[in-house]
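Colleague: Sending over structure.txt (compact mmCIF, C-alpha atoms).
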```txt
# COMPACT_ATOMS: atom_id res chain seq x y z
CA MET A 251 114.35 100.82 121.24
CA VAL A 252 115.04 100.87 124.96
CA GLU A 253 112.22 98.41 125.64
CA ARG A 254 113.51 96.01 122.99
CA LEU A 255 117.06 96.33 124.35
CA ALA A 256 115.88 95.39 127.83
CA THR A 257 113.76 92.49 126.62
CA ALA A 258 116.49 91.12 124.38
CA ALA A 259 119.10 91.42 127.12
CA SER A 260 116.97 89.22 129.37
CA GLU A 261 116.80 86.42 126.80
CA PRO A 262 119.33 83.63 127.41
CA GLN A 263 120.42 83.42 123.76
CA ALA A 264 121.63 87.05 123.90
CA HIS A 265 124.57 86.05 126.10
CA GLY A 266 126.71 84.34 123.52
CA TYR A 267 128.63 85.41 120.45
CA PRO A 268 126.29 86.87 117.84
CA PRO A 269 126.88 86.32 114.11
CA PHE A 270 130.14 88.12 113.41
CA ARG A 271 128.62 89.89 110.40
CA GLY A 272 125.47 90.98 112.18
CA LEU A 273 121.96 89.63 112.57
CA PRO A 274 120.46 88.88 109.14
CA GLU A 275 117.27 90.70 110.19
CA LEU A 276 119.28 93.82 110.95
CA ARG A 277 120.97 93.82 107.54
CA VAL A 278 117.56 93.37 105.91
CA ALA A 279 116.15 96.27 107.95
CA ILE A 280 118.82 98.74 106.83
CA ALA A 281 118.48 97.57 103.23
CA GLU A 282 114.73 98.17 103.40
CA ARG A 283 115.30 101.66 104.82
CA TYR A 284 117.61 102.48 101.93
CA ARG A 285 115.07 101.20 99.43
CA SER A 286 112.08 103.03 100.88
CA LEU A 287 113.71 106.33 101.88
CA TYR A 288 116.63 106.84 99.52
CA GLY A 289 115.53 104.77 96.52
CA VAL A 290 118.65 102.59 96.72
CA GLU A 291 118.56 98.81 96.28
CA LEU A 292 121.00 96.89 98.48
CA ASP A 293 121.71 93.18 98.78
CA PRO A 294 121.63 92.55 102.56
CA GLU A 295 124.05 89.64 102.19
CA THR A 296 126.80 91.28 100.16
CA GLU A 297 126.30 95.06 100.30
CA VAL A 298 125.68 95.70 104.01
CA ALA A 299 128.31 95.59 106.77
CA VAL A 300 127.30 96.03 110.41
CA VAL A 301 129.87 98.06 112.36
CA PRO A 302 130.24 99.19 115.99
CA GLY A 303 129.61 102.81 115.10
CA THR A 304 130.79 104.68 112.04
CA LYS A 305 133.71 106.28 113.87
CA THR A 306 135.22 102.79 113.96
CA ALA A 307 134.44 102.37 110.27
CA LEU A 308 136.31 105.56 109.39
CA VAL A 309 139.52 103.92 110.54
CA GLU A 310 138.77 100.43 109.25
CA LEU A 311 137.89 101.70 105.78
CA ALA A 312 141.23 103.47 105.54
CA LEU A 313 142.95 100.22 106.55
CA VAL A 314 141.20 98.12 103.90
CA LEU A 315 141.43 100.69 101.09
CA ALA A 316 144.96 102.13 101.37
CA GLU A 317 148.44 100.70 101.41
CA ARG A 318 151.36 102.44 103.09
CA GLY A 319 152.10 105.67 101.25
CA ASN A 320 148.88 105.80 99.23
CA THR A 321 146.97 109.08 99.24
CA ILE A 322 143.60 109.61 100.91
CA LEU A 323 141.74 112.83 100.17
CA LEU A 324 139.87 114.35 103.10
CA PRO A 325 137.42 117.27 102.98
CA ASP A 326 138.78 120.63 104.12
CA PRO A 327 136.97 121.75 106.26
CA GLY A 328 136.05 118.32 107.60
CA TYR A 329 135.46 116.17 110.65
CA PRO A 330 138.66 116.19 112.77
CA ASP A 331 138.68 112.42 113.31
CA TYR A 332 139.04 111.58 109.61
CA PRO A 333 142.86 111.95 109.73
CA SER A 334 143.11 109.22 112.39
CA GLY A 335 142.32 106.49 109.88
CA VAL A 336 144.79 107.90 107.40
CA ALA A 337 147.53 107.93 110.03
CA LEU A 338 146.81 104.38 111.24
CA ALA A 339 146.90 103.13 107.64
CA ALA A 340 150.28 104.88 107.16
CA ALA A 341 148.74 106.63 104.18
CA ARG A 342 149.33 110.20 102.97
CA LEU A 343 146.71 112.82 103.81
CA VAL A 344 145.85 115.45 101.21
CA GLY A 345 143.11 118.01 101.80
CA LEU A 346 140.25 118.30 99.33
CA ARG A 347 139.22 121.95 99.51
CA LEU A 348 135.52 122.65 99.88
CA ASP A 349 134.74 125.80 97.92
CA PRO A 350 132.48 128.30 99.75
CA ALA A 351 131.72 130.05 96.45
CA SER A 352 130.18 126.78 95.19
CA GLY A 353 128.18 125.96 98.30
CA TRP A 354 131.11 124.11 99.90
CA ALA A 355 131.39 121.63 97.01
CA PRO A 356 134.66 119.66 96.66
CA ALA A 357 137.19 121.31 94.34
CA PHE A 358 137.99 118.11 92.45
CA ASP A 359 139.77 120.10 89.74
CA GLU A 360 142.45 121.02 92.31
CA ALA A 361 142.95 117.46 93.62
CA PRO A 362 145.91 115.24 92.70
CA ARG A 363 145.07 112.23 90.54
CA ASP A 364 147.97 109.85 91.07
CA ASP A 365 147.96 107.01 93.61
CA ILE A 366 144.64 108.02 95.18
CA ALA A 367 143.28 105.19 97.33
CA ALA A 368 140.16 106.89 98.64
CA VAL A 369 138.29 110.16 98.91
CA TYR A 370 136.07 110.89 101.91
CA LEU A 371 132.97 113.07 101.63
CA ASN A 372 130.39 114.16 104.22
CA TYR A 373 126.99 115.67 103.40
CA PRO A 374 125.19 117.15 105.26
CA SER A 375 128.58 118.49 106.19
CA ASN A 376 130.24 118.71 109.56
CA PRO A 377 131.19 121.52 110.03
CA CYS A 378 129.83 123.38 106.98
CA ALA A 379 126.18 122.40 107.62
CA VAL A 380 125.31 122.20 103.91
CA VAL A 381 123.69 119.44 101.90
CA ALA A 382 125.55 118.21 98.83
CA PRO A 383 125.49 120.92 96.14
CA PRO A 384 123.93 119.77 92.85
CA GLY A 385 126.30 117.57 90.87
CA THR A 386 128.65 116.86 93.77
CA PHE A 387 128.00 113.12 93.92
CA ALA A 388 128.14 112.73 90.13
CA ASP A 389 131.48 114.57 90.15
CA ALA A 390 132.73 112.21 92.88
CA VAL A 391 131.78 109.15 90.81
CA SER A 392 133.54 110.63 87.78
CA PHE A 393 136.66 111.39 89.84
CA ALA A 394 136.70 107.83 91.15
CA GLU A 395 136.32 106.35 87.68
CA GLN A 396 139.21 108.48 86.39
CA THR A 397 141.60 107.85 89.30
CA GLY A 398 140.65 104.41 90.64
CA ALA A 399 139.90 105.93 94.04
CA ALA A 400 137.18 104.56 96.28
CA VAL A 401 134.56 107.02 97.53
CA VAL A 402 133.58 106.91 101.21
CA HIS A 403 130.52 109.02 101.96
CA ASP A 404 129.71 109.78 105.59
CA LEU A 405 125.90 110.11 105.89
CA ALA A 406 125.88 110.66 109.65
CA TYR A 407 123.45 113.60 109.43
CA GLY A 408 121.58 112.37 106.36
CA ASP A 409 118.10 112.54 107.88
CA LEU A 410 118.58 115.92 109.56
CA VAL A 411 117.88 118.13 106.53
CA PHE A 412 115.79 121.29 106.68
CA ASP A 413 113.41 123.46 104.65
CA GLU A 414 111.48 120.49 103.25
CA ARG A 415 114.57 118.95 101.66
CA SER A 416 114.51 115.18 101.15
CA PRO A 417 117.29 112.99 102.57
CA GLU A 418 119.78 112.11 99.82
CA SER A 419 122.12 109.14 99.58
CA PHE A 420 125.34 109.16 97.56
CA LEU A 421 124.45 105.63 96.46
CA ALA A 422 121.42 106.91 94.54
CA THR A 423 123.85 108.46 92.03
CA PRO A 424 124.36 106.35 88.87
CA GLY A 425 127.58 104.38 89.17
CA ALA A 426 128.05 105.08 92.86
CA LYS A 427 127.93 101.45 94.00
CA ASP A 428 130.63 100.63 91.45
CA VAL A 429 133.10 102.98 93.12
CA GLY A 430 132.18 103.46 96.75
CA VAL A 431 130.32 102.97 99.99
CA GLU A 432 128.27 105.03 102.40
CA MET A 433 128.31 105.05 106.19
CA PHE A 434 124.99 105.28 108.04
CA SER A 435 124.98 106.08 111.75
CA MET A 436 122.20 105.26 114.20
CA SER A 437 123.49 107.99 116.52
CA LYS A 438 122.15 111.11 114.84
CA THR A 439 118.94 109.82 113.25
CA TYR A 440 117.75 107.82 116.26
CA GLY A 441 119.57 109.43 119.18
CA MET A 442 121.57 106.23 119.78
CA ALA A 443 124.89 107.92 120.50
CA GLY A 444 127.05 105.61 122.59
CA TRP A 445 125.17 102.45 121.57
CA ARG A 446 127.90 101.80 118.96
CA LEU A 447 125.86 100.63 115.99
CA GLY A 448 126.19 101.67 112.38
CA PHE A 449 126.50 100.40 108.83
CA VAL A 450 128.73 100.57 105.78
CA VAL A 451 126.72 99.89 102.64
CA GLY A 452 127.35 99.84 98.91
CA ASN A 453 130.22 98.34 96.91
CA SER A 454 130.31 94.60 97.61
CA GLU A 455 134.09 94.26 97.40
CA ILE A 456 134.68 97.01 99.96
CA VAL A 457 131.96 95.57 102.21
CA GLU A 458 133.64 92.14 102.03
CA ARG A 459 137.05 93.62 102.89
CA LEU A 460 135.52 95.35 105.90
CA ASP A 461 133.69 92.21 107.03
CA LEU A 462 136.87 90.17 106.71
CA LEU A 463 138.84 92.65 108.82
CA GLN A 464 136.11 92.62 111.46
CA ASP A 465 136.08 88.81 111.50
CA HIS A 466 139.62 89.06 112.87
CA THR A 467 139.27 92.06 115.19
CA ARG A 468 135.99 91.50 117.08
CA ALA A 469 133.34 88.91 117.82
CA GLY A 470 130.24 90.77 116.67
CA ILE A 471 128.04 93.35 118.38
CA PHE A 472 125.94 92.53 121.46
CA THR A 473 122.72 90.94 120.24
CA ALA A 474 120.46 93.16 122.33
CA VAL A 475 121.91 96.29 120.74
CA GLN A 476 121.29 94.84 117.29
CA GLU A 477 117.71 93.97 118.26
CA ALA A 478 117.21 97.56 119.40
CA GLY A 479 118.55 98.68 116.04
CA ILE A 480 115.95 96.56 114.26
CA ALA A 481 113.25 98.15 116.43
CA ALA A 482 114.51 101.61 115.48
CA LEU A 483 114.66 100.92 111.76
CA THR A 484 111.34 99.09 111.48
CA GLY A 485 109.27 100.93 114.11
CA PRO A 486 107.48 104.30 114.01
CA GLN A 487 109.66 107.11 112.67
CA ASP A 488 107.91 109.96 114.49
CA SER A 489 110.92 110.64 116.70
CA VAL A 490 113.14 111.15 113.64
CA PHE A 491 110.89 113.90 112.32
CA GLU A 492 110.51 115.46 115.77
CA ARG A 493 114.28 115.59 116.19
CA ARG A 494 114.73 117.13 112.75
CA ASP A 495 112.05 119.78 113.42
CA ARG A 496 113.55 120.65 116.81
CA TYR A 497 116.95 121.34 115.25
CA GLN A 498 115.37 123.35 112.43
CA ALA A 499 113.53 125.52 114.95
CA ARG A 500 116.79 126.16 116.78
CA ARG A 501 118.48 126.97 113.47
CA ASP A 502 115.73 129.49 112.73
CA ARG A 503 116.32 131.07 116.13
CA VAL A 504 120.02 131.51 115.33
CA PHE A 505 119.18 133.18 112.02
CA GLU A 506 116.64 135.46 113.72
CA VAL A 507 118.93 136.64 116.52
CA LEU A 508 122.01 137.17 114.35
CA ASP A 509 120.13 138.91 111.55
CA GLY A 510 121.57 142.37 111.15
CA CYS A 511 125.00 141.53 112.56
CA ALA A 512 127.93 142.51 110.36
CA ILE A 513 128.57 138.99 109.09
CA GLU A 514 127.53 136.99 106.06
CA ARG A 515 124.39 134.94 106.58
CA PRO A 516 125.17 131.84 108.69
CA VAL A 517 124.94 128.49 106.92
CA CYS A 518 122.68 125.64 108.05
CA GLU A 519 120.88 123.41 105.54
CA GLY A 520 121.16 120.29 107.68
CA SER A 521 122.96 118.60 110.62
CA PHE A 522 122.79 120.14 114.10
CA TYR A 523 125.45 122.76 113.49
CA VAL A 524 125.54 126.31 112.18
CA TRP A 525 128.63 127.47 110.26
CA LEU A 526 129.48 131.10 111.04
CA GLU A 527 131.76 133.74 109.64
CA LEU A 528 133.49 135.63 112.46
CA PRO A 529 133.59 139.44 112.31
CA GLU A 530 136.96 141.09 111.79
CA GLY A 531 139.01 140.93 114.99
CA VAL A 532 136.73 138.42 116.72
CA THR A 533 138.16 135.00 117.62
CA VAL A 534 136.71 132.01 119.45
CA GLU A 535 139.28 132.63 122.19
CA ARG A 536 137.95 136.16 122.74
CA LEU A 537 134.36 134.94 122.69
CA LEU A 538 135.22 132.37 125.35
CA THR A 539 137.18 134.67 127.67
CA GLU A 540 135.17 137.88 127.21
CA SER A 541 131.63 136.60 126.60
CA ARG A 542 131.72 133.06 128.03
CA ILE A 543 130.57 131.52 124.74
CA ALA A 544 132.09 128.27 123.51
CA LEU A 545 132.25 127.79 119.73
CA ALA A 546 134.40 125.31 117.82
CA PRO A 547 137.15 127.19 115.92
CA GLY A 548 137.00 126.78 112.16
CA GLU A 549 140.75 126.11 111.97
CA GLY A 550 140.15 122.89 113.90
CA PHE A 551 138.42 121.49 110.83
CA GLY A 552 141.19 122.36 108.38
CA PRO A 553 142.93 125.40 106.87
CA SER A 554 139.83 126.36 104.87
CA GLY A 555 137.94 126.87 108.12
CA ALA A 556 140.02 129.91 109.10
CA GLY A 557 137.91 132.90 110.09
CA ARG A 558 134.84 130.80 110.83
CA ALA A 559 133.36 128.85 113.73
CA ARG A 560 130.89 126.04 114.31
CA LEU A 561 127.93 126.59 116.63
CA SER A 562 126.15 123.53 118.02
CA LEU A 563 122.37 123.23 118.17
CA ALA A 564 122.65 120.16 120.42
CA VAL A 565 122.01 122.19 123.58
CA THR A 566 118.87 123.10 125.48
CA ASP A 567 116.72 125.94 124.19
CA ASP A 568 117.56 128.02 127.27
CA GLN A 569 121.28 127.54 126.75
CA LEU A 570 120.94 128.43 123.09
CA ASP A 571 119.01 131.64 123.81
CA THR A 572 121.52 132.74 126.44
CA GLY A 573 124.45 132.04 124.15
CA LEU A 574 122.85 133.73 121.15
CA GLU A 575 122.16 136.94 123.06
CA ARG A 576 125.79 137.05 124.19
CA LEU A 577 126.92 136.30 120.63
CA ARG A 578 124.74 139.06 119.19
CA ARG A 579 126.23 141.59 121.61
CA ALA A 580 129.77 140.41 120.85
CA PHE A 581 129.23 140.60 117.10
CA SER A 582 127.50 143.98 117.30
CA GLY A 583 130.28 145.38 119.47
```
Since I need it in another form, could you write the structure as structure tokens?
Modeller:
Amino acid sequence: MVERLATAASEPQAHGYPPFRGLPELRVAIAERYRSLYGVELDPETEVAVVPGTKTALVELALVLAERGNTILLPDPGYPDYPSGVALAAARLVGLRLDPASGWAPAFDEAPRDDIAAVYLNYPSNPCAVVAPPGTFADAVSFAEQTGAAVVHDLAYGDLVFDERSPESFLATPGAKDVGVEMFSMSKTYGMAGWRLGFVVGNSEIVERLDLLQDHTRAGIFTAVQEAGIAALTGPQDSVFERRDRYQARRDRVFEVLDGCAIERPVCEGSFYVWLELPEGVTVERLLTESRIALAPGEGFGPSGAGRARLSLAVTDDQLDTGLERLRRAFSG
């Protein structure tokens, strides 16, 4: 990827406006990945939008799906940046509770059904670190058909799944392309954080709305970055598997060290996070000040995160071991 970036950046044709809707070869490459890995057929011309990172798409999708005052359902617990798009669209945010008793599946039976513009989902989940429980995507399609809502599935961690699980796309669910789209990020799968390259794929009408908005807000993505994206998608995938295995080994280390502590078993089926229950009386503030351990407080991801914390595996092995030993002592004490 880096070699292709450098080569492409030295080519004279790179230093002009690229096609606003992305290089055709790049759209074909992501469509082929979806076909071969997820079993999903995509039309590269009408069902693939190239975006400058999926964080941008989170906001833009809210803008093209919701009118002022419409409701957008967001997972609770969920990624803290999701509300930004809702606010910028002047829409109404309603939390969609993820039920721990059902493997952190959305409690669609508790959700309102009037004036719902969109529902956001994210599996593997940040922060809950679970893959989609069986039936979740089918339930989302059914909810969308009943309410007229669009489904936005954030597949940022889709390829980082453990214990011999296979990556799973929402779009492989029957009827999914009729009601929604999926965001695919190059950051987590290929380590391209900061390169600002991602995709929104699926429903052709939503893709066209997004493309039309981007026609007016930017002049494409630097050609060399797109060429590097093609190299990533079409080249050897060894680094993807190595990255996945490295995170799984770190996850196993967390489970090993914390085994026997007076907490429920930590959760980590995918992503590079572990979702922890905190012992009675222990808070992330106390862990920081008394043990010099930094965890993300569960409340930061929504009311349903109270009493829990997110531990990151995106640190060095030495840092992880040091932190885990301190955590074990804090939990045991």
Colleague: Counting all atoms listed in the file, what are the residues of range 327-366 of chain A within 12 Å of range 297-315 of chain A, and for each of them which pair of atoms is the nearest and at what distance in Å, to one decimal? Sort the table by chain and rising number, as a tab-separated table.
Modeller:
```
residue	atom	partner	partner_atom	distance
A:Tyr329	CA	A:Lys305	CA	10.5
A:Pro330	CA	A:Lys305	CA	11.1
A:Asp331	CA	A:Lys305	CA	7.9
A:Tyr332	CA	A:Leu308	CA	6.6
A:Pro333	CA	A:Val309	CA	8.7
A:Ser334	CA	A:Val309	CA	6.7
A:Gly335	CA	A:Val309	CA	3.9
A:Val336	CA	A:Ala312	CA	6.0
A:Ala337	CA	A:Ala312	CA	8.9
A:Leu338	CA	A:Val309	CA	7.3
A:Ala339	CA	A:Leu313	CA	5.0
A:Ala340	CA	A:Leu313	CA	8.7
A:Ala341	CA	A:Ala312	CA	8.3
A:Arg342	CA	A:Ala312	CA	10.8
A:Leu343	CA	A:Ala312	CA	11.0
A:Asp365	CA	A:Leu315	CA	11.8
A:Ile366	CA	A:Leu315	CA	9.9
```
Colleague: Quick one: pull the distance between CA of Gly520 in chain A and CA of Val411 in chain A, Å, one decimal.
Modeller: 4.1 Å
Colleague: Using all atoms listed in the file, find the one residue out of A:Phe449, A:Trp525, A:Trp354, A:Tyr440 that sits nearest to Thr484 in chain A.
Modeller: A:Tyr440
Colleague: Nearest to Asp326 in chain A among A:Ala361, A:Ala281, A:Leu561, A:Leu292, with distances taken over only C-alpha atoms: which residue is it?
Modeller: A:Ala361
Colleague: I'd like the neighbourhood of Ala546 in chain A as a list in words, where a residue qualifies if any of its atoms comes within 8 Å (using only C-alpha atoms), though same-chain residues fewer than 5 positions away should be ignored.
Modeller: Val534, Ala559, Arg560 and Leu561 of chain A
Colleague: Residues proximal to (139.1, 142.7, 110.9) were defined as those with any atom within 12 Å of that point in the file's coordinates, counting all atoms listed in the file. Which are they, as a list in words?
Modeller: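 The residues near that point, listed by chain and number, are Ala512, Ile513, Glu527, Leu528, Pro529, Glu530, Gly531, Val532, Thr533, Gly557 and Phe581 of chain A.
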Colleague: Using C-alpha atoms, can you write the selected residues to a file as a compact mmCIF listing (two decimals), keeping the file's coordinate frame?
Modeller:
```
# COMPACT_ATOMS: atom_id res chain seq x y z
CA ALA A 512 127.93 142.51 110.36
CA ILE A 513 128.57 138.99 109.09
CA GLU A 527 131.76 133.74 109.64
CA LEU A 528 133.49 135.63 112.46
CA PRO A 529 133.59 139.44 112.31
CA GLU A 530 136.96 141.09 111.79
CA GLY A 531 139.01 140.93 114.99
CA VAL A 532 136.73 138.42 116.72
CA THR A 533 138.16 135.00 117.62
CA GLY A 557 137.91 132.90 110.09
CA PHE A 581 129.23 140.60 117.10
```
Colleague: Please compute the CA of Ala316 in chain A-CA of Val451 in chain A distance, one decimal, in Å.
Modeller: 18.4 Å
Colleague: For a cutoff of 12 Å around the file-coordinate point (137.7, 126.9, 105.1), which residues qualify once you count only C-alpha atoms? I'd like the result as a PyMOL selection string.
Modeller: chain A and resi 325-328+345-351+353-356+376-378+525-527+547-560
Colleague: Determine, for each residue of range 401-466 of chain A having at least one atom at most 8 Å from an atom of range 384-397 of chain A, the closest pair of atoms and their separation in Å to one decimal, counting only C-alpha atoms; order by chain and ascending number, as JSON lines.
Modeller:
```
{"residue": "A:Val401", "atom": "CA", "partner": "A:Ala394", "partner_atom": "CA", "distance": 6.8}
{"residue": "A:Phe420", "atom": "CA", "partner": "A:Phe387", "partner_atom": "CA", "distance": 6.0}
{"residue": "A:Thr423", "atom": "CA", "partner": "A:Ala388", "partner_atom": "CA", "distance": 6.3}
{"residue": "A:Pro424", "atom": "CA", "partner": "A:Ala388", "partner_atom": "CA", "distance": 7.5}
{"residue": "A:Gly425", "atom": "CA", "partner": "A:Val391", "partner_atom": "CA", "distance": 6.6}
{"residue": "A:Ala426", "atom": "CA", "partner": "A:Val391", "partner_atom": "CA", "distance": 5.9}
{"residue": "A:Val429", "atom": "CA", "partner": "A:Ala394", "partner_atom": "CA", "distance": 6.4}
```
Colleague: Give me, please, the distance in Å between CA of Leu371 in chain A and CA of Asp404 in chain A, quoted to one decimal.
Modeller: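 Value for the CA of Leu371 in chain A-CA of Asp404 in chain A distance: 6.1 Å.
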Colleague: Would you pick out the contacts of Tyr267 in chain A at 8 Å or less, using all atoms listed in the file, so that residues sharing its chain but fewer than 3 positions from it are not included, and give the list as a ChimeraX atom specification?
Modeller: /A:264,270,469-470,472
